[in-house]
Amino acid sequence: MSDNDVEDVSFLPGESLHRKAIYEPSVPQRCKQFVCSQGKATIVAIVIGLFVLLITLIAAFARPSQPICESGHSKMEQHGTLVNIQTDDYVATNGKPFPWRNVRLPDSVLPIEYHIFLHPNISLSIFQGVVTILCKVQKETDFFVFHIKDLNISDYGVKLSNGENVVVNEYLEYKRNEQIYVRLERQLPTGTQFNLEVKFLGQLTGKLSGFYKSSYKTDNGEERYIATTHFEPTDARSAFPCFDEPHFKAIFQMSIVREKDYIALYNMPLNRSEVYEKGSLMVDHFEKSVDMSTYLVAFVVCDYKNVTSHTKGNVKVSVYTPPDQIERAHFALEAAVAILDYYDEFFGVKYPLPKADLIAIPDFAAGAMENWGLVTYRLTAILYDPVKSSASSQQWVAVVIAHELAHQWFGNLVTMKWWDDLWLNEGFASFVEYIGTDRIHTEWQMTEQFIGDDLLKALYLDSLSNSHPISVPVHRPSEINEIFDSITYSKGASIIRMLQEYIGKEKFQEGLKFYLKKFQYGNADNSELWQSFQQSLDPNTVLNVTLMMETWTKQMGYPVITLSRNGNKVTATQERFLLYPQSQENSQYISPFLYKWYVPFSYTTSLDINITQKLEMKLIDNVEFEIKGDAEWVKGNSHMFGYFRVNYDEKNWKAIIYQLNKDHTVFSAGERAGLIDDAFQLARSGRLSHKIAFDLTQYLVHEEEYVPWDSALSNLGYIEGRIQNKPVYRQYKNYMMKLMEHLLNKLTWDDSGDHLTKFLTAEIFGKAIQFGHQQSVDNGKLAFKKWSMNSSSISPNLKMSTFRAGIEYGDDTEWELCWDQYLKANVASEKTQLLAALGFTKDVRLLSRLLSFSLENDKFKSQDTPSVISIVSGNYGGQALAWRFLQQNWDTFYTRYGSLSFILSSIIKSVASGFDTDFDYLEVKKFFETRDAGTGVMAVKQAMEKIQMNSYWMKQNEKEVTDWLMKNGS
């Protein structure tokens, strides 16, 4: 896969096909109303600022100061695990030692029910609130710990359920772990219930996490503001004090103050609204939630409109958008209703809430977030315009909706116990999204697309030494954020898909239903999922699901299965596959299985093409099997269900290549994509000659399907990046044009054909224009000229090819036109296309200008800056510019994105991964040695490994590749 691959499934940014609280207060006094009029905003802001400062000082100096308890140790037992922690930095904000020395909360006190009253003032960018948490003592204790982040606490208190006040002897805050420690004057016995009441104040910033402020522009250019949330993984604590770990499930009851011309949305339906205080505001009280985790709580205050429908089970489904965008919400609504109806059947458990809201958020770090009953989406992930949006945009909307709605069961109904099993949520949803999307659009061939969009993508990242196991120990928020990547999403989906194929769809679904019913409204880990699947199997089966699957979840990487044939006997040997074996091993992860896997292997032969044979490799090096002696070839990993690569002896490779040239359709489109990917990745690792890999591509003169071509262009694109400044690049272009000639003669600019044909057309025309194919360039420039006079003159599916021709072969005039249209565009998917188009210019001055624009808030939203950097770095002439820009503005990027999942990682990888010299490696290494990479620590390691790998490839393979291309590309 491409080295600049950016993970972007539903939780990740972009619309690429490659990707994916609360209610009525029970406190004596509610928070005082904030005045919302614009006329007095400045005065009120000053007054409130002084008030916040005063409260902060009072809270700091007026807390009890009794002697600290002796509960802190260098090694503390938490949830059955001993965690070694250095204690010399455990100092509270008041200078005293902080007793609780574990990033995880103690489980001696559990939350049962939250009552939250929240008053946001969007104009002043602040909010205040009161939370009352009903708690239950699980183990006798005189202290408890909860979470808080970036909030000022103005008052707090502890009361028993009978109303008796409990004296607090010690109240301490430790900012590093975002914890508050409360020590009581006496022990509370097991079974005691008490209320923790906390009053707090916070700021509505544009930081894209927690409770934050977002804005959009109307069609007439007016800027309007909303307040919204994003809590996964650990930012509920920045909106209200809470026990912010996934296993602390509780009921939430919520009340929100709003202006009369706004609406408030929450996980649950509205119960009632009433006039608040003097009548200038309203307060909305919502129904109680079911038991759920804090990270799934969501609320939005906005001035949106909505469209509504109902499922067969009478669940109310609504899509909310800015008023001018509401006509683009209909496809999302239809898709959501159909997918929810199907999931009721597929999961065997009815959707448990009375409503399902989907809402478009203008500023959003992720692609979407699965908050229970109130799913939030980036605009490109929910809005579809039949006239202006491309087929890929439509598919992206459907896929993300299918992914997030799968979470309503797998993740929300049954939740992981801790973040080390994040993959249970994301991997499963990434698998089921294909099933859900296929249900509403079978003609999109989603099962074939899975191979390129998830399987091959995961295999690429997982072949690095600096990968990580699917199930990985995590502690601090930065560590949690690091694992939102292709391993968690795409590898997780791939091994679940492998298991389904191995045990059969019927048994798989039976085990899944058992799991959801047994653990609904609770928490589970992956061992309990494997046990559920085991229970669905015949009691006499020899398959140990847990053992098999743990070999794929508890060690990083995967095997290459090498088939060696001797007559009618074939030996299959497994060995860990690494793209760059010389790289330094990620020593923090030690394989418990010594890098051996329980492999469900399958194969076919030339004599039994339609018959799949299966065998098991149970943590052993090799296994033998027999085939008919006159079989011309044997092919492993039938239909690409296995999460591994397959290599063959040279004779078998040549026989497969012969078969592809004779009749490539004996292999499925997905298998052809897999053969191409295996050949080139094996060649990159030194296990196969590049001659064999390139020989295999010669069959592409007959290939007319999207999935194999997508794999070919991705793999050949790696080599293209290495030789783009070499003389042999001309022969490479010639060879590529030979492969594509039949498609250029067949495909047309009238946007005809089925869904995947439109994808193929866009890729082939785009590549031909890049290579300077005159007819394609002329057609593209003509289309661009027509578009410049009438933006509706071309199909959305051909816009990228059109823009490429206009900008790459144009000058400032064409670029300025696209820039102007970008600023004016009000369709999110069209805006994305225009942004990508700006990166096609060959003028580095314009690329530099685009980079500088990316930090200007009036031109780009914070969420889109990473896309600009990636687009510029993807241009051969812009790579060095993007790297310098990253260096110059690192502090800004770290401040913006350093605590957010995946965004900083995507910037680092997109900018640095394409370098291929030792000089580049040393420069990147030196830069990051003196910087805190935040959530991008793993990305830095991966980028540096890729640079080393690229440099090594040049030294080892450039001559062989050059010789082959000189012979075949002239």
# chains A, B, ... in the order shown; residues from 1 in each chain; ligands from 1
$ residues_around --residues "range 829-843 of chain A" --least-positions-apart "6" --cutoff "9 Å" --atoms "only C-alpha atoms" --output "VMD selection string"
chain A and resid 14 to 15 379 to 381 383 to 385 388 to 390 393 796 799 to 801 803 to 805 807 to 812 815 to 816 818 to 819 821 to 823 850 867 to 868 871 to 878
$ select_by_dssp --residues "range 531-749 of chain A" --states "alpha helix (DSSP H)" --output "JSON, numbers by chain"
{"A": [531, 532, 533, 534, 535, 536, 545, 546, 547, 548, 549, 550, 551, 552, 553, 650, 651, 652, 653, 654, 655, 656, 657, 658, 659, 660, 661, 662, 663, 669, 670, 671, 672, 673, 674, 675, 676, 677, 678, 679, 680, 681, 682, 683, 684, 685, 690, 691, 692, 693, 694, 695, 696, 697, 706, 707, 708, 709, 710, 711, 712, 713, 714, 715, 716, 717, 718, 719, 720, 721, 722, 723, 729, 730, 731, 732, 733, 734, 735, 736, 737, 738, 739, 740, 741, 742, 743, 744, 745, 746]}
$ write_last_selection --atoms "C-alpha atoms" --output "PDB file, in the first residue's frame"
ATOM      1  CA  GLN A 531     -15.875 -17.715  24.314  1.00  0.00           C
ATOM      2  CA  SER A 532     -19.182 -16.663  22.770  1.00  0.00           C
ATOM      3  CA  PHE A 533     -18.056 -17.848  19.358  1.00  0.00           C
ATOM      4  CA  GLN A 534     -16.752 -21.072  20.893  1.00  0.00           C
ATOM      5  CA  GLN A 535     -20.176 -21.691  22.398  1.00  0.00           C
ATOM      6  CA  SER A 536     -21.766 -21.477  18.949  1.00  0.00           C
ATOM      7  CA  VAL A 545     -11.233 -20.073  19.105  1.00  0.00           C
ATOM      8  CA  THR A 546      -9.460 -18.269  21.943  1.00  0.00           C
ATOM      9  CA  LEU A 547      -6.065 -19.784  21.158  1.00  0.00           C
ATOM     10  CA  MET A 548      -6.452 -19.160  17.452  1.00  0.00           C
ATOM     11  CA  MET A 549      -7.529 -15.533  17.779  1.00  0.00           C
ATOM     12  CA  GLU A 550      -5.059 -14.584  20.506  1.00  0.00           C
ATOM     13  CA  THR A 551      -2.221 -15.394  18.126  1.00  0.00           C
ATOM     14  CA  TRP A 552      -3.604 -12.573  15.960  1.00  0.00           C
ATOM     15  CA  THR A 553      -4.451 -10.074  18.718  1.00  0.00           C
ATOM     16  CA  GLU A 650       9.506 -19.330  -9.003  1.00  0.00           C
ATOM     17  CA  LYS A 651       7.922 -22.074 -11.107  1.00  0.00           C
ATOM     18  CA  ASN A 652       4.544 -21.623  -9.413  1.00  0.00           C
ATOM     19  CA  TRP A 653       4.723 -17.825  -9.734  1.00  0.00           C
ATOM     20  CA  LYS A 654       5.367 -18.188 -13.462  1.00  0.00           C
ATOM     21  CA  ALA A 655       2.437 -20.604 -13.768  1.00  0.00           C
ATOM     22  CA  ILE A 656       0.123 -18.099 -12.031  1.00  0.00           C
ATOM     23  CA  ILE A 657       1.397 -15.331 -14.328  1.00  0.00           C
ATOM     24  CA  TYR A 658       0.720 -17.545 -17.332  1.00  0.00           C
ATOM     25  CA  GLN A 659      -2.802 -18.203 -16.049  1.00  0.00           C
ATOM     26  CA  LEU A 660      -3.442 -14.480 -15.576  1.00  0.00           C
ATOM     27  CA  ASN A 661      -2.429 -13.774 -19.157  1.00  0.00           C
ATOM     28  CA  LYS A 662      -4.445 -16.706 -20.450  1.00  0.00           C
ATOM     29  CA  ASP A 663      -7.632 -16.104 -18.430  1.00  0.00           C
ATOM     30  CA  ALA A 669     -11.094  -9.494  -8.631  1.00  0.00           C
ATOM     31  CA  GLY A 670     -10.086  -9.496  -4.972  1.00  0.00           C
ATOM     32  CA  GLU A 671      -7.686 -12.388  -5.495  1.00  0.00           C
ATOM     33  CA  ARG A 672      -6.064 -10.580  -8.408  1.00  0.00           C
ATOM     34  CA  ALA A 673      -5.622  -7.521  -6.213  1.00  0.00           C
ATOM     35  CA  GLY A 674      -4.073  -9.742  -3.559  1.00  0.00           C
ATOM     36  CA  LEU A 675      -1.667 -11.407  -6.000  1.00  0.00           C
ATOM     37  CA  ILE A 676      -0.434  -8.001  -7.166  1.00  0.00           C
ATOM     38  CA  ASP A 677      -0.033  -6.737  -3.615  1.00  0.00           C
ATOM     39  CA  ASP A 678       1.708  -9.895  -2.396  1.00  0.00           C
ATOM     40  CA  ALA A 679       4.147  -9.878  -5.317  1.00  0.00           C
ATOM     41  CA  PHE A 680       5.254  -6.272  -4.883  1.00  0.00           C
ATOM     42  CA  GLN A 681       5.372  -6.351  -1.091  1.00  0.00           C
ATOM     43  CA  LEU A 682       7.388  -9.579  -1.210  1.00  0.00           C
ATOM     44  CA  ALA A 683       9.729  -7.938  -3.708  1.00  0.00           C
ATOM     45  CA  ARG A 684      10.150  -4.904  -1.462  1.00  0.00           C
ATOM     46  CA  SER A 685      11.105  -7.202   1.420  1.00  0.00           C
ATOM     47  CA  HIS A 690      10.999  -7.379  -8.874  1.00  0.00           C
ATOM     48  CA  LYS A 691      11.166  -9.050 -12.274  1.00  0.00           C
ATOM     49  CA  ILE A 692       8.479 -11.539 -11.176  1.00  0.00           C
ATOM     50  CA  ALA A 693       6.352  -8.735  -9.718  1.00  0.00           C
ATOM     51  CA  PHE A 694       6.593  -6.642 -12.888  1.00  0.00           C
ATOM     52  CA  ASP A 695       6.008  -9.692 -15.099  1.00  0.00           C
ATOM     53  CA  LEU A 696       2.761 -10.248 -13.231  1.00  0.00           C
ATOM     54  CA  THR A 697       1.528  -6.745 -14.112  1.00  0.00           C
ATOM     55  CA  TYR A 706     -11.425  -1.429 -10.318  1.00  0.00           C
ATOM     56  CA  VAL A 707     -10.194  -3.453  -7.330  1.00  0.00           C
ATOM     57  CA  PRO A 708      -7.141  -5.041  -9.057  1.00  0.00           C
ATOM     58  CA  TRP A 709      -6.260  -1.764 -10.761  1.00  0.00           C
ATOM     59  CA  ASP A 710      -6.460   0.069  -7.462  1.00  0.00           C
ATOM     60  CA  SER A 711      -3.980  -2.409  -5.985  1.00  0.00           C
ATOM     61  CA  ALA A 712      -1.691  -2.136  -9.002  1.00  0.00           C
ATOM     62  CA  LEU A 713      -1.624   1.661  -9.034  1.00  0.00           C
ATOM     63  CA  SER A 714      -0.969   1.741  -5.301  1.00  0.00           C
ATOM     64  CA  ASN A 715       1.957  -0.677  -5.474  1.00  0.00           C
ATOM     65  CA  LEU A 716       3.434   0.758  -8.650  1.00  0.00           C
ATOM     66  CA  GLY A 717       2.993   4.195  -7.103  1.00  0.00           C
ATOM     67  CA  TYR A 718       5.601   3.307  -4.493  1.00  0.00           C
ATOM     68  CA  ILE A 719       8.161   2.588  -7.189  1.00  0.00           C
ATOM     69  CA  GLU A 720       7.060   5.678  -9.086  1.00  0.00           C
ATOM     70  CA  GLY A 721       7.871   7.763  -6.017  1.00  0.00           C
ATOM     71  CA  ARG A 722      11.372   6.334  -5.853  1.00  0.00           C
ATOM     72  CA  ILE A 723      12.278   6.877  -9.546  1.00  0.00           C
ATOM     73  CA  TYR A 729      10.905   7.502 -15.276  1.00  0.00           C
ATOM     74  CA  ARG A 730      10.174   8.032 -18.977  1.00  0.00           C
ATOM     75  CA  GLN A 731      10.218   4.273 -19.572  1.00  0.00           C
ATOM     76  CA  TYR A 732       8.028   3.772 -16.521  1.00  0.00           C
ATOM     77  CA  LYS A 733       5.424   6.162 -17.947  1.00  0.00           C
ATOM     78  CA  ASN A 734       5.595   4.424 -21.317  1.00  0.00           C
ATOM     79  CA  TYR A 735       5.010   1.054 -19.698  1.00  0.00           C
ATOM     80  CA  MET A 736       2.086   2.328 -17.666  1.00  0.00           C
ATOM     81  CA  MET A 737       0.478   3.818 -20.763  1.00  0.00           C
ATOM     82  CA  LYS A 738       0.753   0.436 -22.510  1.00  0.00           C
ATOM     83  CA  LEU A 739      -1.081  -1.196 -19.607  1.00  0.00           C
ATOM     84  CA  MET A 740      -3.830   1.429 -19.630  1.00  0.00           C
ATOM     85  CA  GLU A 741      -4.265   1.808 -23.381  1.00  0.00           C
ATOM     86  CA  HIS A 742      -7.253  -0.545 -23.673  1.00  0.00           C
ATOM     87  CA  LEU A 743      -9.035   1.273 -20.874  1.00  0.00           C
ATOM     88  CA  LEU A 744      -8.357   4.698 -22.361  1.00  0.00           C
ATOM     89  CA  ASN A 745      -9.940   3.445 -25.582  1.00  0.00           C
ATOM     90  CA  LYS A 746     -12.942   2.012 -23.746  1.00  0.00           C
TER      91      LYS A 746
END
$ residues_around --residues "His230 in chain A" --least-positions-apart "4" --cutoff "12 Å" --atoms "only C-alpha atoms" --output "number ranges by chain"
A: 11, 206-214, 234-239, 294-300, 361, 363-371, 374-378, 900-901
$ select_by_dssp --residues "range 394-572 of chain A" --states "strand (DSSP E)" --output "VMD selection string"
chain A and resid 414 to 416 522 to 524 559 to 566 569 to 572
$ write_last_selection --atoms "N, CA and C atoms" --output "PDB file, in the first residue's frame"
ATOM      1  N   VAL A 414     -22.670  -3.192  24.221  1.00  0.00           N
ATOM      2  CA  VAL A 414     -21.593  -3.927  24.908  1.00  0.00           C
ATOM      3  C   VAL A 414     -20.306  -3.150  24.660  1.00  0.00           C
ATOM      4  N   THR A 415     -19.657  -2.761  25.735  1.00  0.00           N
ATOM      5  CA  THR A 415     -18.507  -1.858  25.661  1.00  0.00           C
ATOM      6  C   THR A 415     -17.259  -2.566  26.173  1.00  0.00           C
ATOM      7  N   MET A 416     -16.134  -2.222  25.592  1.00  0.00           N
ATOM      8  CA  MET A 416     -14.859  -2.757  26.082  1.00  0.00           C
ATOM      9  C   MET A 416     -14.668  -2.358  27.541  1.00  0.00           C
ATOM     10  N   GLY A 522     -23.443  -3.788  29.532  1.00  0.00           N
ATOM     11  CA  GLY A 522     -22.273  -4.010  30.369  1.00  0.00           C
ATOM     12  C   GLY A 522     -20.992  -3.906  29.575  1.00  0.00           C
ATOM     13  N   ASN A 523     -19.948  -4.502  30.115  1.00  0.00           N
ATOM     14  CA  ASN A 523     -18.629  -4.455  29.491  1.00  0.00           C
ATOM     15  C   ASN A 523     -18.101  -5.863  29.299  1.00  0.00           C
ATOM     16  N   ALA A 524     -17.241  -6.009  28.301  1.00  0.00           N
ATOM     17  CA  ALA A 524     -16.640  -7.316  28.033  1.00  0.00           C
ATOM     18  C   ALA A 524     -15.267  -7.104  27.415  1.00  0.00           C
ATOM     19  N   PRO A 559       2.121 -13.610   9.334  1.00  0.00           N
ATOM     20  CA  PRO A 559       3.080 -14.468   8.635  1.00  0.00           C
ATOM     21  C   PRO A 559       2.993 -14.348   7.114  1.00  0.00           C
ATOM     22  N   VAL A 560       4.073 -14.702   6.470  1.00  0.00           N
ATOM     23  CA  VAL A 560       4.042 -15.022   5.053  1.00  0.00           C
ATOM     24  C   VAL A 560       4.086 -16.542   4.974  1.00  0.00           C
ATOM     25  N   ILE A 561       3.145 -17.107   4.242  1.00  0.00           N
ATOM     26  CA  ILE A 561       3.100 -18.562   4.063  1.00  0.00           C
ATOM     27  C   ILE A 561       3.766 -18.875   2.730  1.00  0.00           C
ATOM     28  N   THR A 562       4.892 -19.582   2.765  1.00  0.00           N
ATOM     29  CA  THR A 562       5.627 -19.924   1.550  1.00  0.00           C
ATOM     30  C   THR A 562       5.294 -21.349   1.147  1.00  0.00           C
ATOM     31  N   LEU A 563       4.835 -21.512  -0.097  1.00  0.00           N
ATOM     32  CA  LEU A 563       4.468 -22.830  -0.626  1.00  0.00           C
ATOM     33  C   LEU A 563       5.594 -23.346  -1.515  1.00  0.00           C
ATOM     34  N   SER A 564       6.165 -24.509  -1.128  1.00  0.00           N
ATOM     35  CA  SER A 564       7.222 -25.151  -1.909  1.00  0.00           C
ATOM     36  C   SER A 564       6.694 -26.485  -2.400  1.00  0.00           C
ATOM     37  N   ARG A 565       6.745 -26.671  -3.707  1.00  0.00           N
ATOM     38  CA  ARG A 565       6.135 -27.880  -4.302  1.00  0.00           C
ATOM     39  C   ARG A 565       7.203 -28.857  -4.757  1.00  0.00           C
ATOM     40  N   ASN A 566       6.938 -30.119  -4.469  1.00  0.00           N
ATOM     41  CA  ASN A 566       7.782 -31.212  -4.951  1.00  0.00           C
ATOM     42  C   ASN A 566       6.849 -32.305  -5.464  1.00  0.00           C
ATOM     43  N   LYS A 569       3.402 -33.091  -3.695  1.00  0.00           N
ATOM     44  CA  LYS A 569       3.465 -32.664  -2.296  1.00  0.00           C
ATOM     45  C   LYS A 569       3.842 -31.183  -2.212  1.00  0.00           C
ATOM     46  N   VAL A 570       3.122 -30.502  -1.332  1.00  0.00           N
ATOM     47  CA  VAL A 570       3.368 -29.075  -1.126  1.00  0.00           C
ATOM     48  C   VAL A 570       3.636 -28.844   0.358  1.00  0.00           C
ATOM     49  N   THR A 571       4.697 -28.138   0.641  1.00  0.00           N
ATOM     50  CA  THR A 571       5.015 -27.776   2.023  1.00  0.00           C
ATOM     51  C   THR A 571       4.697 -26.298   2.232  1.00  0.00           C
ATOM     52  N   ALA A 572       3.856 -26.024   3.234  1.00  0.00           N
ATOM     53  CA  ALA A 572       3.523 -24.648   3.601  1.00  0.00           C
ATOM     54  C   ALA A 572       4.303 -24.272   4.845  1.00  0.00           C
TER      55      ALA A 572
END
$ residues_around --residues "Pro241 in chain A" --least-positions-apart "5" --cutoff "12 Å" --atoms "only C-alpha atoms" --output "number ranges by chain"
A: 21, 111, 114-118, 128-133, 145-153, 155-156, 178-180, 196-202, 210, 234-236, 294
$ residues_around --residues "range 159-174 of chain A" --least-positions-apart "3" --cutoff "7 Å" --atoms "only C-alpha atoms" --output "number ranges by chain"
A: 63-66, 91-93, 98, 177-185, 193-196
$ write_last_selection --atoms "C-alpha atoms" --output "CSV table (one decimal), in the first residue's frame"
chain,number,residue,atom,x,y,z
A,63,ARG,CA,-10.0,23.6,50.6
A,64,PRO,CA,-9.5,21.5,53.7
A,65,SER,CA,-5.8,20.9,54.6
A,66,GLN,CA,-5.8,17.9,56.9
A,91,VAL,CA,2.5,16.5,43.4
A,92,ALA,CA,-1.0,18.1,43.6
A,93,THR,CA,-1.6,21.7,42.5
A,98,PHE,CA,-1.0,13.2,45.6
A,177,ASN,CA,-3.5,12.3,35.4
A,178,GLU,CA,-6.5,14.7,35.3
A,179,GLN,CA,-7.7,13.4,38.7
A,180,ILE,CA,-9.3,14.8,41.8
A,181,TYR,CA,-8.7,12.9,45.1
A,182,VAL,CA,-11.2,13.3,47.9
A,183,ARG,CA,-10.5,12.0,51.3
A,184,LEU,CA,-13.4,11.8,53.8
A,185,GLU,CA,-13.3,12.2,57.5
A,193,GLN,CA,-24.7,5.4,48.6
A,194,PHE,CA,-23.7,9.1,48.5
A,195,ASN,CA,-24.1,12.1,46.2
A,196,LEU,CA,-21.0,13.9,45.0
$ residues_around --residues "Lys941 in chain A" --least-positions-apart "6" --cutoff "12 Å" --atoms "only C-alpha atoms" --output "list of chain:residue names"
A:Leu464, A:Ser465, A:Asn466, A:Ser467, A:His468, A:Glu482, A:Ser583, A:Gln584, A:Glu585, A:Asn586, A:Ser905, A:Ile908, A:Lys909, A:Ala912, A:Ser913, A:Tyr921, A:Val924, A:Lys925, A:Phe928, A:Glu929, A:Ala933, A:Thr935, A:Ile947, A:Gln948
$ write_last_selection --atoms "N, CA and C atoms" --output "short mmCIF file (atom, residue, chain, number, x, y, z; two decimals), in the first residue's frame"
data_model
loop_
_atom_site.label_atom_id
_atom_site.label_comp_id
_atom_site.auth_asym_id
_atom_site.auth_seq_id
_atom_site.Cartn_x
_atom_site.Cartn_y
_atom_site.Cartn_z
N LEU A 464 5.47 -3.37 9.35
CA LEU A 464 6.56 -2.55 9.89
C LEU A 464 6.97 -3.08 11.26
N SER A 465 8.24 -2.94 11.58
CA SER A 465 8.69 -3.34 12.92
C SER A 465 8.05 -2.48 13.99
N ASN A 466 7.71 -1.25 13.62
CA ASN A 466 7.10 -0.32 14.57
C ASN A 466 5.58 -0.32 14.44
N SER A 467 5.04 -1.50 14.30
CA SER A 467 3.59 -1.68 14.40
C SER A 467 3.26 -1.90 15.87
N HIS A 468 2.08 -2.41 16.15
CA HIS A 468 1.73 -2.75 17.53
C HIS A 468 0.68 -3.85 17.50
N GLU A 482 -2.92 7.13 20.42
CA GLU A 482 -2.00 6.60 19.42
C GLU A 482 -2.55 5.39 18.68
N SER A 583 15.22 -3.12 10.17
CA SER A 583 14.84 -2.05 11.08
C SER A 583 14.88 -2.53 12.53
N GLN A 584 14.98 -1.57 13.42
CA GLN A 584 15.06 -1.89 14.85
C GLN A 584 13.69 -2.34 15.36
N GLU A 585 13.65 -3.47 16.00
CA GLU A 585 12.40 -4.03 16.50
C GLU A 585 11.79 -3.13 17.58
N ASN A 586 10.46 -3.02 17.55
CA ASN A 586 9.75 -2.28 18.59
C ASN A 586 9.75 -3.15 19.85
N SER A 905 -0.56 12.35 14.06
CA SER A 905 0.07 11.19 13.41
C SER A 905 -0.05 11.28 11.90
N ILE A 908 2.43 13.86 10.48
CA ILE A 908 3.82 13.38 10.51
C ILE A 908 4.07 12.38 9.40
N LYS A 909 3.16 11.40 9.27
CA LYS A 909 3.37 10.35 8.27
C LYS A 909 3.26 10.89 6.85
N ALA A 912 6.64 13.05 6.25
CA ALA A 912 7.99 12.47 6.38
C ALA A 912 8.17 11.11 5.72
N SER A 913 7.11 10.37 5.50
CA SER A 913 7.24 8.97 5.09
C SER A 913 7.79 8.79 3.68
N TYR A 921 16.68 10.93 6.63
CA TYR A 921 16.47 10.18 7.87
C TYR A 921 17.10 10.91 9.06
N VAL A 924 15.10 14.16 9.94
CA VAL A 924 13.85 13.88 10.65
C VAL A 924 14.15 13.40 12.07
N LYS A 925 15.11 12.53 12.19
CA LYS A 925 15.48 12.00 13.50
C LYS A 925 15.92 13.12 14.44
N PHE A 928 12.88 15.40 15.65
CA PHE A 928 11.95 14.84 16.63
C PHE A 928 12.63 14.42 17.93
N GLU A 929 13.95 14.33 17.92
CA GLU A 929 14.65 14.05 19.17
C GLU A 929 14.47 15.16 20.19
N ALA A 933 6.28 14.59 20.67
CA ALA A 933 5.40 14.28 19.54
C ALA A 933 3.97 14.01 19.98
N THR A 935 0.56 12.62 20.61
CA THR A 935 -0.07 11.40 20.13
C THR A 935 0.60 10.86 18.87
N ILE A 947 11.46 5.77 5.99
CA ILE A 947 12.55 6.45 5.30
C ILE A 947 13.74 5.50 5.13
N GLN A 948 14.08 4.79 6.19
CA GLN A 948 15.17 3.81 6.09
C GLN A 948 14.85 2.75 5.04
#
